[in-house]
There are 2 protein chains.
Amino acid sequence: MFDILLSIREESESPLYLRIYKQIRERITCGSILGNTRLPSVKALQLQLNISKTPIETAYQMLSAEGFVYSKPRSGYYSVNMGSACSPGIDMPSDAGTLQSPEQPMLREYAIDFHPGSVDHDMFPIRTWKRMLNLALEDYSRSIGKSGDMMGEIGLRRALADYLRSSRGVACSPEQIVIGTGISSSMDLLAKLIDGIDHVAYEEPGFKQVRDQLLSHGYRLIPIPVDSESFQIQSLEDSKAHMVYVTPSHQFPTGRVMPYVERERLLHWANKGHAYIIEDDYDGEFRYFGKPIPSLQSIDRHGRVIYIGTFSKAFTPALRMNYMVLPQSFMSKLTKMSSGLSCPSRIEQWAMQAFIEQGHWYRHIRRMRNKYRRKHDQIIECIRAMFGDKVEITGHSAGLHIQITVRTELGANDLLMLAADKGVRVYDFRQMWMKPNDAGYPRIYLGFAGLSESDMDKGIRLLKEAWSDILI
Amino acid sequence: MFDILLSIREESESPLYLRIYKQIRERITCGSILGNTRLPSVKALQLQLNISKTPIETAYQMLSAEGFVYSKPRSGYYSVNMGSACSPGIDMPSDAGTLQSPEQPMLREYAIDFHPGSVDHDMFPIRTWKRMLNLALEDYSRSIGKSGDMMGEIGLRRALADYLRSSRGVACSPEQIVIGTGISSSMDLLAKLIDGIDHVAYEEPGFKQVRDQLLSHGYRLIPIPVDSESFQIQSLEDSKAHMVYVTPSHQFPTGRVMPYVERERLLHWANKGHAYIIEDDYDGEFRYFGKPIPSLQSIDRHGRVIYIGTFSKAFTPALRMNYMVLPQSFMSKLTKMSSGLSCPSRIEQWAMQAFIEQGHWYRHIRRMRNKYRRKHDQIIECIRAMFGDKVEITGHSAGLHIQITVRTELGANDLLMLAADKGVRVYDFRQMWMKPNDAGYPRIYLGFAGLSESDMDKGIRLLKEAWSDILI
Ligand SMILES: Cc1ncc(COP(=O)(O)O)c(C=O)c1O
Ligand SMILES: Cc1ncc(COP(=O)(O)O)c(C=O)c1O
């Protein structure tokens, strides 16, 4: 039997049965309770929670009526198999299937998940954020009935312009900033703003979500090979591309940081050919060693760079808020746009503005950088201690994930399955290649931001156990 | 000199100078302080606020440094002319120019704005919503580091499925619901899900924002004439369209309610031709007289209807949250989508789920319906009392705006300008026509949701003054 520990907070407002119902339902739908698992009896939960039978029975009846559990006579309640209805916090939904082991992917229970899209939830400034939300609702109570500016609240754009100038060297006026609901909204907007471009160059491997979207907009994609050593800028120069999508601060997924000379050459290419560079600075806040390299936008003197940043890494992906800095030359077209802008909640924009203006944002970034630096150092140390030279670590010293190359004759998928058997989830980013590349030892990706230090250690230890027999 | 009343709340966290700075800046950027207006002296503000000089001087210095105000020697500070940088809470940005009087549109100060996109802010349940947000942050603190399901939180989709079933007759499973950031995000998603359709029919006049977006996706548009009497379904049947966008509960902008027989005929058309109907039920919660007519989705037995609803009318447009109910047949394509979904904040989705589950939502709708019914009755009564038979009211008994036809030889634009001279803003929805139609007396639109009862009365009274000489 699966033993579940429910927590029934006292101060919560909703009725007891609803809280029990919701907790069990959530665990079933998230896959943290596997399909066909026997659930605790009413009696057992009664003892655990120290409450009467009625709310527990009501909860089970609701779960049963809605098809989350079924009962077997004289045996009790069992969870149903949720199959693909599950969504364990993946920010790349379509990849989920292949990121996991092929058979019964959703039924596995992962005790430890090195998900590259997760961030530290313990450090999330819940109390401060509550205060900012409350403040926003009070300060703007007279604006709450209006929909506001679809490019984003001008106050937040002003605060962001200051932040980007001081911390990322990005030079822009607030009007050049468009607040969006994620990189997907930014790419949709760009497709509407940019005319007459057919060929777009793309890092290979690169961020699949953006690649898919470029394809869905009908662009012809030109892959530019990138590995830990180089971004083959020559092949960009030789191509027909008039736009390129890059992640120079910390290439996704390899983790490579683009050196200054390459940046200059990239800008030169764009100037010469009147091309655009989309600079996705998704985790540029996190650089652990060495001098920060200026963003492309900050060294661009000809308005060729479109800069995209996000709150998903430095703050939380639950907010779904990002921003894009457009060249001045886009302004007239932008202000004429009447539809197709996807803007986040004004309330959260006001809260974020206050968060930045009151200095919490700068403090938060500093705290997170220190925290992630410690996690980064620890995961590297731990991998080195466990695996020695059987594993090569690359793509580190910036960002929230690392790449390891594992000396084995097996493929990445086998490594994932062995890990999964120990309850550990790691990632094979094969889908990040347009043309999957199986040459060499398999590469595995580990995000470290979302795990506690102890889970991280435990996870690496379990990986060692899982893979010890197949390392060469 | 322009006299501004600043309010400096005690409990606010930010420093005094910042609060003064922000308030003045906001009024300048919003156009509530016109360009080139002399601002109160430091001394005057000091007396008004009963504080020391320093924060006021600092605020003015900041405003001056950032170019919001300029100073004239021996005269004081003046606001700059913000031109089109302004954004007075318009939800149809590109229309703003033509919705206003042509000359210096942004410099006018409107004391009373019958904006059809605004809702009542006094009734917004600030305290409850704060509680829901706080609860969401606590209850889901362990999920805050993950990005979640891009179709929307399954819990909210479940709560919505219940609500839609019980109140709008919409039959769907939670999986058919996609939470989005506005109708624009829904239309973008639809364009990705629907293949092989070239011709889309469209109400004429109809919601320009959607029309523009359909055009931007490359569809050929077929206008179907609609007026207070009829929706010319015959011309739809005769057309090549395989999809139609309609607002049957309360046609936008005319306010017509589509009768049952027409709904059946529309569904018949869709079934026969395997066509789709996009039902935009944007203000379906608000019907003041007569029996509610079932939504198209609720009488559709063949999965031809795509139902779109929003929180912008019944709750607040500041939230930027809407939802779309897709036919079952879309499910497999939907679950395979990897990009291009635009999803609102998880935190606000959790809060909305709790708001619905705890019964606040139903209470809120009931309260708002009563409130808006009163405002609706009052505006009609007031217009009748003021204008008698000089003005014909149509499009009432549902929704949050009405249409008036004004007996005059002038055009709609002249009416707007005369109104503006009295500080009242009303709307000419000419842009809602693909081919503007100037036949007959001019039609003016008035939204009543966002105004207090007394401002509404005052506004109508001022309209009477403004137009008294030109009525025939
Ligand atoms: C390469 C890359 N770019 C951008 C993002 C951020 O996307 P968003 O702002 O849509 O959360 C991510 C997040 O996973 C990413 O990995
Ligand atoms: C006809 C119509 N449909 C839909 C909407 C709601 O749009 P959204 O959910 O994007 O706020 C509006 C709001 O103004 C509208 O007038």
# chains A, B, ... in the order shown; residues from 1 in each chain; ligands from 1
$ interface_residues --of "chain A" --to "chain B" --cutoff "7 Å" --atoms "only C-alpha atoms" --output "ChimeraX atom specification"
/A:14,87-94,117-121,126,130,134,137,141-142,144-149,181,184-185,209,212-213,316-320,336-340,342-347,358,450
$ residues_around --residues "His250 of chain B" --least-positions-apart "4" --cutoff "10 Å" --atoms "only C-alpha atoms" --output "MDAnalysis selection string"
chainID B and resid 246 254:258 280:284 286:287 395:401
$ atom_distance --atom1 "atom CA of Gln251 of chain B" --atom2 "atom CA of Arg363 of chain B"
25.8 Å
$ residues_around --residues "Asp377 of chain A" --least-positions-apart "2" --cutoff "12 Å" --atoms "only C-alpha atoms" --output "JSON, numbers by chain"
{"A": [288, 289, 369, 370, 371, 372, 373, 374, 375, 379, 380, 381, 382, 383, 384, 393, 396, 397, 398, 400, 401, 402, 448, 449, 453, 456, 457]}
$ write_last_selection --atoms "N, CA, C and O atoms" --output "CSV table (one decimal), in the first residue's frame"
chain,number,residue,atom,x,y,z
A,288,TYR,N,29.0,32.5,-12.6
A,288,TYR,CA,29.6,32.2,-11.3
A,288,TYR,C,31.1,32.5,-11.3
A,288,TYR,O,31.7,32.7,-10.2
A,289,PHE,N,31.8,32.5,-12.4
A,289,PHE,CA,33.2,32.8,-12.4
A,289,PHE,C,33.6,33.7,-13.5
A,289,PHE,O,32.9,33.8,-14.6
A,369,ARG,N,22.0,34.2,-6.8
A,369,ARG,CA,23.2,33.9,-7.4
A,369,ARG,C,24.2,33.2,-6.4
A,369,ARG,O,24.8,32.2,-6.8
A,370,ASN,N,24.1,33.6,-5.2
A,370,ASN,CA,24.9,32.9,-4.2
A,370,ASN,C,24.5,31.5,-3.9
A,370,ASN,O,25.3,30.6,-3.9
A,371,LYS,N,23.2,31.4,-3.8
A,371,LYS,CA,22.6,30.0,-3.6
A,371,LYS,C,22.9,29.1,-4.8
A,371,LYS,O,23.4,28.0,-4.6
A,372,TYR,N,22.7,29.6,-6.0
A,372,TYR,CA,23.0,28.7,-7.2
A,372,TYR,C,24.5,28.5,-7.4
A,372,TYR,O,24.9,27.4,-7.8
A,373,ARG,N,25.3,29.4,-7.0
A,373,ARG,CA,26.7,29.2,-7.1
A,373,ARG,C,27.1,28.0,-6.1
A,373,ARG,O,27.8,27.1,-6.5
A,374,ARG,N,26.5,28.0,-4.9
A,374,ARG,CA,26.8,26.9,-4.0
A,374,ARG,C,26.3,25.6,-4.6
A,374,ARG,O,27.0,24.6,-4.5
A,375,LYS,N,25.1,25.6,-5.1
A,375,LYS,CA,24.6,24.4,-5.7
A,375,LYS,C,25.4,23.9,-6.9
A,375,LYS,O,25.7,22.7,-7.0
A,379,ILE,N,27.3,20.4,-7.0
A,379,ILE,CA,27.0,19.3,-7.9
A,379,ILE,C,28.2,18.9,-8.7
A,379,ILE,O,28.5,17.7,-8.9
A,380,ILE,N,29.1,19.9,-9.0
A,380,ILE,CA,30.3,19.5,-9.8
A,380,ILE,C,31.3,18.7,-8.9
A,380,ILE,O,31.8,17.7,-9.3
A,381,GLU,N,31.4,19.2,-7.7
A,381,GLU,CA,32.3,18.5,-6.7
A,381,GLU,C,31.8,17.1,-6.6
A,381,GLU,O,32.6,16.1,-6.6
A,382,CYS,N,30.5,16.9,-6.4
A,382,CYS,CA,29.9,15.6,-6.1
A,382,CYS,C,30.1,14.7,-7.3
A,382,CYS,O,30.4,13.5,-7.2
A,383,ILE,N,29.9,15.2,-8.5
A,383,ILE,CA,30.0,14.4,-9.7
A,383,ILE,C,31.5,14.0,-9.9
A,383,ILE,O,31.8,12.8,-10.1
A,384,ARG,N,32.4,14.9,-9.6
A,384,ARG,CA,33.8,14.6,-9.7
A,384,ARG,C,34.2,13.5,-8.7
A,384,ARG,O,34.9,12.5,-9.0
A,393,ILE,N,32.4,17.0,-17.4
A,393,ILE,CA,31.4,18.0,-17.1
A,393,ILE,C,31.7,19.2,-18.1
A,393,ILE,O,32.8,19.7,-18.1
A,396,HIS,N,29.3,24.4,-17.6
A,396,HIS,CA,29.1,25.0,-16.3
A,396,HIS,C,29.7,26.4,-16.2
A,396,HIS,O,29.9,27.0,-17.2
A,397,SER,N,29.7,26.9,-15.0
A,397,SER,CA,30.2,28.2,-14.6
A,397,SER,C,29.2,29.3,-15.0
A,397,SER,O,29.4,30.5,-14.7
A,398,ALA,N,28.0,28.9,-15.5
A,398,ALA,CA,26.9,29.9,-15.7
A,398,ALA,C,25.6,29.1,-15.7
A,398,ALA,O,25.6,27.9,-15.9
A,400,LEU,N,21.8,27.4,-14.9
A,400,LEU,CA,21.2,26.5,-13.9
A,400,LEU,C,21.2,25.1,-14.3
A,400,LEU,O,20.5,24.3,-13.7
A,401,HIS,N,21.9,24.7,-15.3
A,401,HIS,CA,22.1,23.3,-15.7
A,401,HIS,C,23.5,23.1,-16.2
A,401,HIS,O,24.2,24.0,-16.6
A,402,ILE,N,23.9,21.8,-16.1
A,402,ILE,CA,25.2,21.4,-16.6
A,402,ILE,C,25.0,20.3,-17.6
A,402,ILE,O,23.9,19.6,-17.6
A,448,PHE,N,20.1,21.9,-11.7
A,448,PHE,CA,20.4,21.8,-10.3
A,448,PHE,C,19.6,22.8,-9.5
A,448,PHE,O,19.6,22.7,-8.3
A,449,ALA,N,18.9,23.7,-10.1
A,449,ALA,CA,18.3,24.8,-9.4
A,449,ALA,C,17.1,24.4,-8.5
A,449,ALA,O,16.9,24.9,-7.4
A,453,GLU,N,20.1,20.9,-1.6
A,453,GLU,CA,21.5,20.4,-1.6
A,453,GLU,C,21.5,18.9,-1.3
A,453,GLU,O,22.2,18.1,-1.9
A,456,MET,N,20.2,16.8,-4.2
A,456,MET,CA,21.2,16.8,-5.2
A,456,MET,C,22.3,15.7,-5.0
A,456,MET,O,22.6,14.9,-5.9
A,457,ASP,N,22.8,15.8,-3.8
A,457,ASP,CA,23.9,14.8,-3.4
A,457,ASP,C,23.3,13.4,-3.5
A,457,ASP,O,24.0,12.5,-4.1
$ residues_around --residues "Leu410 of chain A" --least-positions-apart "5" --cutoff "8 Å" --atoms "only C-alpha atoms" --output "PyMOL selection string"
chain A and resi 415+442+470
$ closest_residue --among "A:Val244, A:Ala385, A:Val426, A:Ile460" --to "Ala275 of chain A" --atoms "only C-alpha atoms"
A:Val244
$ closest_residue --among "B:Ser329, B:Ser295, B:Ser239, B:Thr128" --to "Trp361 of chain B" --atoms "only C-alpha atoms"
B:Thr128
$ atom_distance --atom1 "atom CA of Val424 of chain A" --atom2 "atom CA of Val69 of chain A"
26.5 Å
$ decode --residues "segment 427-462 of chain B" --atoms "N, CA, C and O atoms" --output "PDB file, in the first residue's frame"
ATOM      1  N   TYR B 427     -18.066  56.616 -27.869  1.00  0.00           N
ATOM      2  CA  TYR B 427     -17.344  55.893 -28.897  1.00  0.00           C
ATOM      3  C   TYR B 427     -18.101  55.748 -30.204  1.00  0.00           C
ATOM      4  O   TYR B 427     -19.301  55.510 -30.219  1.00  0.00           O
ATOM      5  N   ASP B 428     -17.346  55.913 -31.262  1.00  0.00           N
ATOM      6  CA  ASP B 428     -17.826  55.679 -32.622  1.00  0.00           C
ATOM      7  C   ASP B 428     -17.157  54.381 -33.057  1.00  0.00           C
ATOM      8  O   ASP B 428     -15.933  54.333 -33.132  1.00  0.00           O
ATOM      9  N   PHE B 429     -17.940  53.339 -33.275  1.00  0.00           N
ATOM     10  CA  PHE B 429     -17.309  52.060 -33.586  1.00  0.00           C
ATOM     11  C   PHE B 429     -17.171  51.817 -35.080  1.00  0.00           C
ATOM     12  O   PHE B 429     -17.318  50.715 -35.554  1.00  0.00           O
ATOM     13  N   ARG B 430     -16.875  52.893 -35.826  1.00  0.00           N
ATOM     14  CA  ARG B 430     -16.772  52.722 -37.264  1.00  0.00           C
ATOM     15  C   ARG B 430     -15.731  51.672 -37.633  1.00  0.00           C
ATOM     16  O   ARG B 430     -15.880  50.959 -38.607  1.00  0.00           O
ATOM     17  N   GLN B 431     -14.682  51.590 -36.816  1.00  0.00           N
ATOM     18  CA  GLN B 431     -13.626  50.626 -37.127  1.00  0.00           C
ATOM     19  C   GLN B 431     -14.082  49.186 -36.974  1.00  0.00           C
ATOM     20  O   GLN B 431     -13.364  48.263 -37.329  1.00  0.00           O
ATOM     21  N   MET B 432     -15.262  48.986 -36.392  1.00  0.00           N
ATOM     22  CA  MET B 432     -15.764  47.627 -36.253  1.00  0.00           C
ATOM     23  C   MET B 432     -16.369  47.124 -37.573  1.00  0.00           C
ATOM     24  O   MET B 432     -16.718  45.972 -37.702  1.00  0.00           O
ATOM     25  N   TRP B 433     -16.506  48.039 -38.528  1.00  0.00           N
ATOM     26  CA  TRP B 433     -16.939  47.627 -39.866  1.00  0.00           C
ATOM     27  C   TRP B 433     -15.720  47.377 -40.729  1.00  0.00           C
ATOM     28  O   TRP B 433     -14.773  48.158 -40.707  1.00  0.00           O
ATOM     29  N   MET B 434     -15.748  46.334 -41.506  1.00  0.00           N
ATOM     30  CA  MET B 434     -14.696  46.146 -42.494  1.00  0.00           C
ATOM     31  C   MET B 434     -14.804  47.259 -43.527  1.00  0.00           C
ATOM     32  O   MET B 434     -13.829  47.866 -43.908  1.00  0.00           O
ATOM     33  N   LYS B 435     -16.033  47.472 -43.975  1.00  0.00           N
ATOM     34  CA  LYS B 435     -16.284  48.569 -44.910  1.00  0.00           C
ATOM     35  C   LYS B 435     -17.158  49.580 -44.189  1.00  0.00           C
ATOM     36  O   LYS B 435     -18.361  49.373 -44.068  1.00  0.00           O
ATOM     37  N   PRO B 436     -16.569  50.659 -43.688  1.00  0.00           N
ATOM     38  CA  PRO B 436     -17.344  51.598 -42.872  1.00  0.00           C
ATOM     39  C   PRO B 436     -18.648  51.996 -43.555  1.00  0.00           C
ATOM     40  O   PRO B 436     -18.707  52.203 -44.770  1.00  0.00           O
ATOM     41  N   ASN B 437     -19.681  52.070 -42.734  1.00  0.00           N
ATOM     42  CA  ASN B 437     -21.026  52.246 -43.238  1.00  0.00           C
ATOM     43  C   ASN B 437     -21.568  53.540 -42.642  1.00  0.00           C
ATOM     44  O   ASN B 437     -21.825  53.630 -41.446  1.00  0.00           O
ATOM     45  N   ASP B 438     -21.710  54.558 -43.487  1.00  0.00           N
ATOM     46  CA  ASP B 438     -22.118  55.856 -42.965  1.00  0.00           C
ATOM     47  C   ASP B 438     -23.591  56.162 -43.202  1.00  0.00           C
ATOM     48  O   ASP B 438     -24.045  57.278 -42.982  1.00  0.00           O
ATOM     49  N   ALA B 439     -24.328  55.166 -43.686  1.00  0.00           N
ATOM     50  CA  ALA B 439     -25.739  55.399 -43.978  1.00  0.00           C
ATOM     51  C   ALA B 439     -26.508  55.619 -42.683  1.00  0.00           C
ATOM     52  O   ALA B 439     -26.178  55.057 -41.641  1.00  0.00           O
ATOM     53  N   GLY B 440     -27.550  56.456 -42.745  1.00  0.00           N
ATOM     54  CA  GLY B 440     -28.424  56.656 -41.591  1.00  0.00           C
ATOM     55  C   GLY B 440     -27.809  57.569 -40.558  1.00  0.00           C
ATOM     56  O   GLY B 440     -26.726  58.150 -40.749  1.00  0.00           O
ATOM     57  N   TYR B 441     -28.520  57.741 -39.468  1.00  0.00           N
ATOM     58  CA  TYR B 441     -28.024  58.581 -38.373  1.00  0.00           C
ATOM     59  C   TYR B 441     -26.811  57.927 -37.713  1.00  0.00           C
ATOM     60  O   TYR B 441     -26.678  56.706 -37.714  1.00  0.00           O
ATOM     61  N   PRO B 442     -25.951  58.730 -37.149  1.00  0.00           N
ATOM     62  CA  PRO B 442     -24.742  58.166 -36.535  1.00  0.00           C
ATOM     63  C   PRO B 442     -25.056  57.322 -35.301  1.00  0.00           C
ATOM     64  O   PRO B 442     -25.967  57.621 -34.545  1.00  0.00           O
ATOM     65  N   ARG B 443     -24.263  56.289 -35.135  1.00  0.00           N
ATOM     66  CA  ARG B 443     -24.385  55.410 -33.971  1.00  0.00           C
ATOM     67  C   ARG B 443     -23.228  55.642 -33.008  1.00  0.00           C
ATOM     68  O   ARG B 443     -22.080  55.730 -33.431  1.00  0.00           O
ATOM     69  N   ILE B 444     -23.578  55.714 -31.766  1.00  0.00           N
ATOM     70  CA  ILE B 444     -22.588  55.960 -30.725  1.00  0.00           C
ATOM     71  C   ILE B 444     -22.694  54.826 -29.705  1.00  0.00           C
ATOM     72  O   ILE B 444     -23.790  54.318 -29.466  1.00  0.00           O
ATOM     73  N   TYR B 445     -21.559  54.443 -29.151  1.00  0.00           N
ATOM     74  CA  TYR B 445     -21.561  53.350 -28.177  1.00  0.00           C
ATOM     75  C   TYR B 445     -21.167  53.876 -26.815  1.00  0.00           C
ATOM     76  O   TYR B 445     -20.260  54.702 -26.693  1.00  0.00           O
ATOM     77  N   LEU B 446     -21.854  53.378 -25.811  1.00  0.00           N
ATOM     78  CA  LEU B 446     -21.536  53.782 -24.440  1.00  0.00           C
ATOM     79  C   LEU B 446     -21.402  52.546 -23.562  1.00  0.00           C
ATOM     80  O   LEU B 446     -22.336  51.747 -23.456  1.00  0.00           O
ATOM     81  N   GLY B 447     -20.245  52.395 -22.962  1.00  0.00           N
ATOM     82  CA  GLY B 447     -20.070  51.353 -21.953  1.00  0.00           C
ATOM     83  C   GLY B 447     -20.458  51.957 -20.621  1.00  0.00           C
ATOM     84  O   GLY B 447     -20.110  53.098 -20.326  1.00  0.00           O
ATOM     85  N   PHE B 448     -21.210  51.195 -19.808  1.00  0.00           N
ATOM     86  CA  PHE B 448     -21.652  51.776 -18.546  1.00  0.00           C
ATOM     87  C   PHE B 448     -21.041  51.101 -17.338  1.00  0.00           C
ATOM     88  O   PHE B 448     -21.196  51.555 -16.210  1.00  0.00           O
ATOM     89  N   ALA B 449     -20.285  50.026 -17.539  1.00  0.00           N
ATOM     90  CA  ALA B 449     -19.825  49.237 -16.391  1.00  0.00           C
ATOM     91  C   ALA B 449     -18.795  49.978 -15.538  1.00  0.00           C
ATOM     92  O   ALA B 449     -18.808  49.865 -14.310  1.00  0.00           O
ATOM     93  N   GLY B 450     -17.934  50.754 -16.186  1.00  0.00           N
ATOM     94  CA  GLY B 450     -16.817  51.343 -15.462  1.00  0.00           C
ATOM     95  C   GLY B 450     -17.111  52.638 -14.730  1.00  0.00           C
ATOM     96  O   GLY B 450     -16.279  53.138 -13.987  1.00  0.00           O
ATOM     97  N   LEU B 451     -18.313  53.188 -14.951  1.00  0.00           N
ATOM     98  CA  LEU B 451     -18.630  54.482 -14.335  1.00  0.00           C
ATOM     99  C   LEU B 451     -19.513  54.324 -13.095  1.00  0.00           C
ATOM    100  O   LEU B 451     -20.354  53.435 -13.029  1.00  0.00           O
ATOM    101  N   SER B 452     -19.333  55.209 -12.161  1.00  0.00           N
ATOM    102  CA  SER B 452     -20.243  55.233 -11.012  1.00  0.00           C
ATOM    103  C   SER B 452     -21.587  55.755 -11.474  1.00  0.00           C
ATOM    104  O   SER B 452     -21.689  56.435 -12.502  1.00  0.00           O
ATOM    105  N   GLU B 453     -22.639  55.470 -10.700  1.00  0.00           N
ATOM    106  CA  GLU B 453     -23.981  55.916 -11.070  1.00  0.00           C
ATOM    107  C   GLU B 453     -24.013  57.433 -11.253  1.00  0.00           C
ATOM    108  O   GLU B 453     -24.626  57.946 -12.190  1.00  0.00           O
ATOM    109  N   SER B 454     -23.329  58.148 -10.374  1.00  0.00           N
ATOM    110  CA  SER B 454     -23.441  59.604 -10.467  1.00  0.00           C
ATOM    111  C   SER B 454     -22.676  60.140 -11.677  1.00  0.00           C
ATOM    112  O   SER B 454     -23.137  61.050 -12.368  1.00  0.00           O
ATOM    113  N   ASP B 455     -21.510  59.531 -11.978  1.00  0.00           N
ATOM    114  CA  ASP B 455     -20.784  59.966 -13.171  1.00  0.00           C
ATOM    115  C   ASP B 455     -21.562  59.650 -14.440  1.00  0.00           C
ATOM    116  O   ASP B 455     -21.508  60.410 -15.415  1.00  0.00           O
ATOM    117  N   MET B 456     -22.264  58.530 -14.411  1.00  0.00           N
ATOM    118  CA  MET B 456     -23.065  58.140 -15.566  1.00  0.00           C
ATOM    119  C   MET B 456     -24.131  59.206 -15.830  1.00  0.00           C
ATOM    120  O   MET B 456     -24.275  59.696 -16.957  1.00  0.00           O
ATOM    121  N   ASP B 457     -24.861  59.563 -14.783  1.00  0.00           N
ATOM    122  CA  ASP B 457     -25.886  60.598 -14.907  1.00  0.00           C
ATOM    123  C   ASP B 457     -25.298  61.903 -15.396  1.00  0.00           C
ATOM    124  O   ASP B 457     -25.802  62.537 -16.320  1.00  0.00           O
ATOM    125  N   LYS B 458     -24.188  62.279 -14.770  1.00  0.00           N
ATOM    126  CA  LYS B 458     -23.543  63.526 -15.137  1.00  0.00           C
ATOM    127  C   LYS B 458     -23.103  63.473 -16.599  1.00  0.00           C
ATOM    128  O   LYS B 458     -23.279  64.450 -17.351  1.00  0.00           O
ATOM    129  N   GLY B 459     -22.568  62.330 -16.999  1.00  0.00           N
ATOM    130  CA  GLY B 459     -22.103  62.165 -18.373  1.00  0.00           C
ATOM    131  C   GLY B 459     -23.234  62.341 -19.371  1.00  0.00           C
ATOM    132  O   GLY B 459     -23.076  63.036 -20.382  1.00  0.00           O
ATOM    133  N   ILE B 460     -24.376  61.733 -19.101  1.00  0.00           N
ATOM    134  CA  ILE B 460     -25.514  61.835 -20.034  1.00  0.00           C
ATOM    135  C   ILE B 460     -26.018  63.281 -20.082  1.00  0.00           C
ATOM    136  O   ILE B 460     -26.336  63.820 -21.142  1.00  0.00           O
ATOM    137  N   ARG B 461     -26.060  63.890 -18.913  1.00  0.00           N
ATOM    138  CA  ARG B 461     -26.462  65.289 -18.835  1.00  0.00           C
ATOM    139  C   ARG B 461     -25.535  66.173 -19.687  1.00  0.00           C
ATOM    140  O   ARG B 461     -25.979  67.025 -20.449  1.00  0.00           O
ATOM    141  N   LEU B 462     -24.248  65.935 -19.585  1.00  0.00           N
ATOM    142  CA  LEU B 462     -23.279  66.710 -20.365  1.00  0.00           C
ATOM    143  C   LEU B 462     -23.420  66.432 -21.860  1.00  0.00           C
ATOM    144  O   LEU B 462     -23.263  67.330 -22.692  1.00  0.00           O
TER     145      LEU B 462
END
